[in-house]
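Remarks on the structure that follows.
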Amino acid sequence: NVDGPATQLGIQKELHIHFRLRRQFSSLRLAKECVMGTSVIDSNNFVLSLLVTVFIQLAFYVGAVITRSENLYDFAGGLNYIVVFVLTLGLANDVSNTRGIVLTIMTSLSRAYLAGFLLFRVLTRKGDARFEEARENPLKFLVFWVFQMAWVFLISSPVIYVNGSGADPELGASDYIGFILVGVGTLFEVAADVQKFFFRKDPSNRGKVCNVGVWAISRHPNYFGEVLIWWGAFTVAVLPIQDREDYWALWVVLSPLFTMFLLLFVSGIPMAEGQNLKRFMKTEESKERFMEYFNSVPPLVPCFPSIYGILPGWSKCLFCCEFPMYAFDEQEQALRDAEKGQKDRKEISSAGPEDNAAA
């Protein structure tokens, strides 16, 4: 039998290939089950997104501790957003979901721009004043990165839901409104950053308040853009929530609300205004020029100066977020200066003769 050995050899090769393919498919199926295993806990990939966020932020934290540099802090946040958005879209049951694709692209572009701009700014300034005290203490430094974990995850939640919900109702008015808000918010943010960069670059503007372009209708147009982006993302999530009757998922409204809370009351406007406006109060001329700008331009929501300047104080507070904490208090500043002077005199008097001589 001449053909016998050849036939047996062919069968053996086919069996070998068959079993090898089975092993490969089994490995792929196991990997998929490991990834999709989070759906047992969370069908929208919130858990997976949180785990990825923790991993990314801890990895950058370790690098920051080793190098004793915070330069990549904001970049890590921006990269984290993009990874979570793309990952949740890729794991979606229907990757052709137009709503998810458009929202992912728009928000990813906004985060890519912001990450790049903030990285450029921190490298140009050669440091970030927020980390001066914490940089040398790993535990204090870790607090910033843990905060960024919570921030990124919470702010990303509307996009995570849209991508992971599996709902794909026909695009409606709320979707188009949401896309417009995200687009306009991104444009506001880009315009504000670029206009202020070139304003500050001009030596003749040293010590002056930026009042060009969008800064002529809002004292913080970049923050306004950021708020618009996340209200837009939430608006896009509304129709999928209604379609699946996932009313528990309305908690993703915390994304724009938390953004507004931070920018209005914590790390945004309060860090730039209030007693921090002292830099514009050095001379009567600069003070008068700034107060004219301050009283005619709203802190967040854009409004034309000719209209805003004549509005009563209660309407400015209620509709334009003009809170008393943003105003510069001369009496408080005088007390601070007096306390600082008294403290400096005590330090000098407590120093020994040798220290005074050396000074």
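As shown in the structure tokens, the chain order sets the letters A, B, ...; within each chain, residues go from 1, and ligands are also counted from 1 in the order they appear.
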
Item to complete: Can you pull out every residue within 7 Å of region 260-277 of chain A, counting only C-alpha atoms, but drop anything in the same chain fewer than 6 positions away, and send it as a ChimeraX atom specification?
Response: /A:223,227,325-329,333

Discussion item. Which residues are close to Gln242 (chain A), i.e. within 12 Å by only C-alpha atoms, leaving aside same-chain residues fewer than 3 positions away? Reply as a list of chain:residue names.
Written reply: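 The residues that qualify are A:Val162, A:Ser165, A:Ala167, A:Asp168, A:Pro169, A:Gly172, A:Ser174, A:Thr235, A:Val236, A:Ala237, A:Val238, A:Leu239, A:Glu245, A:Asp246, A:Tyr247, A:Trp248, A:Ala249, A:Leu250.
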
For the selection you just gave me, I'd like the residues written to a file as a PDB file, in the first residue's frame, keeping C-alpha atoms.
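Output below, filename out_0.pdb:
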```
ATOM      1  CA  VAL A 162     -23.173  55.343  26.692  1.00  0.00           C
ATOM      2  CA  SER A 165     -25.047  50.171  28.142  1.00  0.00           C
ATOM      3  CA  ALA A 167     -28.623  50.736  24.212  1.00  0.00           C
ATOM      4  CA  ASP A 168     -28.717  52.152  20.697  1.00  0.00           C
ATOM      5  CA  PRO A 169     -31.983  54.015  20.165  1.00  0.00           C
ATOM      6  CA  GLY A 172     -32.766  62.215  18.986  1.00  0.00           C
ATOM      7  CA  SER A 174     -30.976  65.332  23.156  1.00  0.00           C
ATOM      8  CA  THR A 235     -27.243  64.978  27.772  1.00  0.00           C
ATOM      9  CA  VAL A 236     -26.132  62.336  25.251  1.00  0.00           C
ATOM     10  CA  ALA A 237     -26.547  59.659  27.950  1.00  0.00           C
ATOM     11  CA  VAL A 238     -30.175  60.613  28.667  1.00  0.00           C
ATOM     12  CA  LEU A 239     -31.786  58.777  25.734  1.00  0.00           C
ATOM     13  CA  GLU A 245     -35.132  52.293  31.773  1.00  0.00           C
ATOM     14  CA  ASP A 246     -31.833  52.375  33.673  1.00  0.00           C
ATOM     15  CA  TYR A 247     -32.952  55.243  35.888  1.00  0.00           C
ATOM     16  CA  TRP A 248     -30.370  54.226  38.476  1.00  0.00           C
ATOM     17  CA  ALA A 249     -27.785  55.416  35.947  1.00  0.00           C
ATOM     18  CA  LEU A 250     -28.963  59.012  36.348  1.00  0.00           C
TER      19      LEU A 250
END
```

Discussion item. With only C-alpha atoms as the counted atoms, please give the residues lying no more than 12 Å from region 280-296 of chain A, apart from itself and same-chain residues fewer than 2 positions off, as a VMD selection string.
Written reply: chain A and resid 205 to 212 215 to 220 272 to 278 298 to 300 302 to 313 316 320 322 326 to 330 333

Discussion item. Can you tell me, as number ranges by chain, which residues in region 170-356 of chain A count as alpha helix (DSSP H) by DSSP?
Written reply: A: 173-201, 221-244, 254-261, 269-272, 284-296, 305-308, 313-320, 330-350, 353-356

Item to complete: Within 12 Å of Trp151 (chain A), counting only C-alpha atoms, which residues show up once you throw out same-chain ones fewer than 3 positions away? Write them as a PyMOL selection string, please.
Response: chain A and resi 50+53-54+57+74+77-78+80-81+144-148+154-157+254-259+261-262

Worksheet item: How many Å lie between CA of Thr104 (chain A) and CA of Phe85 (chain A), rounded to one decimal?
Response: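 Between these atoms lies a distance of 5.8 Å.
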
Can you pull out the residues contacting Ala134 (chain A)? Cut-off 10 Å, using only C-alpha atoms, and skip same-chain residues under 5 positions away; I want them as a PDB file with N, CA and C atoms, in the first residue's frame.
```pdb
ATOM      1  N   GLU A  70       6.187  66.399  39.093  1.00  0.00           N
ATOM      2  CA  GLU A  70       4.749  66.331  38.866  1.00  0.00           C
ATOM      3  C   GLU A  70       4.380  66.720  37.447  1.00  0.00           C
ATOM      4  N   LEU A 139       3.510  60.221  50.694  1.00  0.00           N
ATOM      5  CA  LEU A 139       2.137  60.021  51.160  1.00  0.00           C
ATOM      6  C   LEU A 139       1.264  61.223  50.819  1.00  0.00           C
ATOM      7  N   LYS A 140       1.784  62.422  51.048  1.00  0.00           N
ATOM      8  CA  LYS A 140       1.027  63.620  50.676  1.00  0.00           C
ATOM      9  C   LYS A 140       0.847  63.690  49.160  1.00  0.00           C
ATOM     10  N   PHE A 141       1.888  63.293  48.455  1.00  0.00           N
ATOM     11  CA  PHE A 141       1.852  63.304  46.995  1.00  0.00           C
ATOM     12  C   PHE A 141       0.790  62.334  46.480  1.00  0.00           C
ATOM     13  N   LEU A 142       0.652  61.199  47.168  1.00  0.00           N
ATOM     14  CA  LEU A 142      -0.310  60.175  46.757  1.00  0.00           C
ATOM     15  C   LEU A 142      -1.738  60.705  46.806  1.00  0.00           C
ATOM     16  N   VAL A 143      -2.020  61.599  47.746  1.00  0.00           N
ATOM     17  CA  VAL A 143      -3.371  62.151  47.880  1.00  0.00           C
ATOM     18  C   VAL A 143      -3.831  62.784  46.568  1.00  0.00           C
ATOM     19  N   PHE A 144      -2.931  63.503  45.895  1.00  0.00           N
ATOM     20  CA  PHE A 144      -3.288  64.140  44.630  1.00  0.00           C
ATOM     21  C   PHE A 144      -3.661  63.109  43.573  1.00  0.00           C
TER      22      PHE A 144
END
```

How close does region 70-134 of chain A get to region 179-190 of chain A? List, as a tab-separated table, each residue of region 70-134 of chain A within 10 Å, its nearest atom pair and the distance in Å to one decimal, counting only C-alpha atoms.
```
residue	atom	partner	partner_atom	distance
A:Arg99	CA	A:Phe179	CA	9.4
A:Val102	CA	A:Phe179	CA	8.0
A:Leu103	CA	A:Phe179	CA	7.1
A:Met106	CA	A:Val182	CA	7.1
A:Thr107	CA	A:Val182	CA	7.3
A:Leu109	CA	A:Thr186	CA	8.6
A:Ser110	CA	A:Thr186	CA	5.8
A:Arg111	CA	A:Thr186	CA	9.2
A:Tyr113	CA	A:Val190	CA	7.9
A:Leu114	CA	A:Val190	CA	8.2
A:Phe117	CA	A:Val190	CA	9.1
```

Could the residues in this selection be written to a file with C-alpha atoms, as a compact mmCIF listing (two decimals), in the first residue's frame?
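What follows is the written file again-v2.txt:
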```txt
# COMPACT_ATOMS: atom_id res chain seq x y z
CA ARG A 99 -23.84 57.69 19.52
CA VAL A 102 -19.27 60.30 18.07
CA LEU A 103 -19.22 60.97 21.81
CA MET A 106 -15.37 64.29 20.59
CA THR A 107 -14.51 63.82 24.26
CA LEU A 109 -10.17 64.99 21.22
CA SER A 110 -10.99 67.46 23.98
CA ARG A 111 -8.95 65.44 26.52
CA TYR A 113 -5.88 68.76 23.53
CA LEU A 114 -6.14 69.57 27.23
CA PHE A 117 -1.69 71.97 26.49
```

Worksheet entry | Within 9 Å of Asn163 (chain A) using only C-alpha atoms, minus same-chain residues under 5 positions, as a PyMOL selection string | chain A and resi 44-45+85+88-95+97+99-101+103-104+158

Discussion item. Considering only C-alpha atoms, can you say which of A:Glu133, A:Ile229, A:Asp337, A:Tyr161 comes closest to Ser108 (chain A)?
Written reply: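 For Ser108 (chain A), the nearest of the given residues is A:Ile229.
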
Discussion item. Could you check the closest approach to Arg130 (chain A) for each of A:Val301, A:Ser69, A:Leu51, A:Lys196 and tell me which residue wins, using only C-alpha atoms?
Written reply: A:Ser69
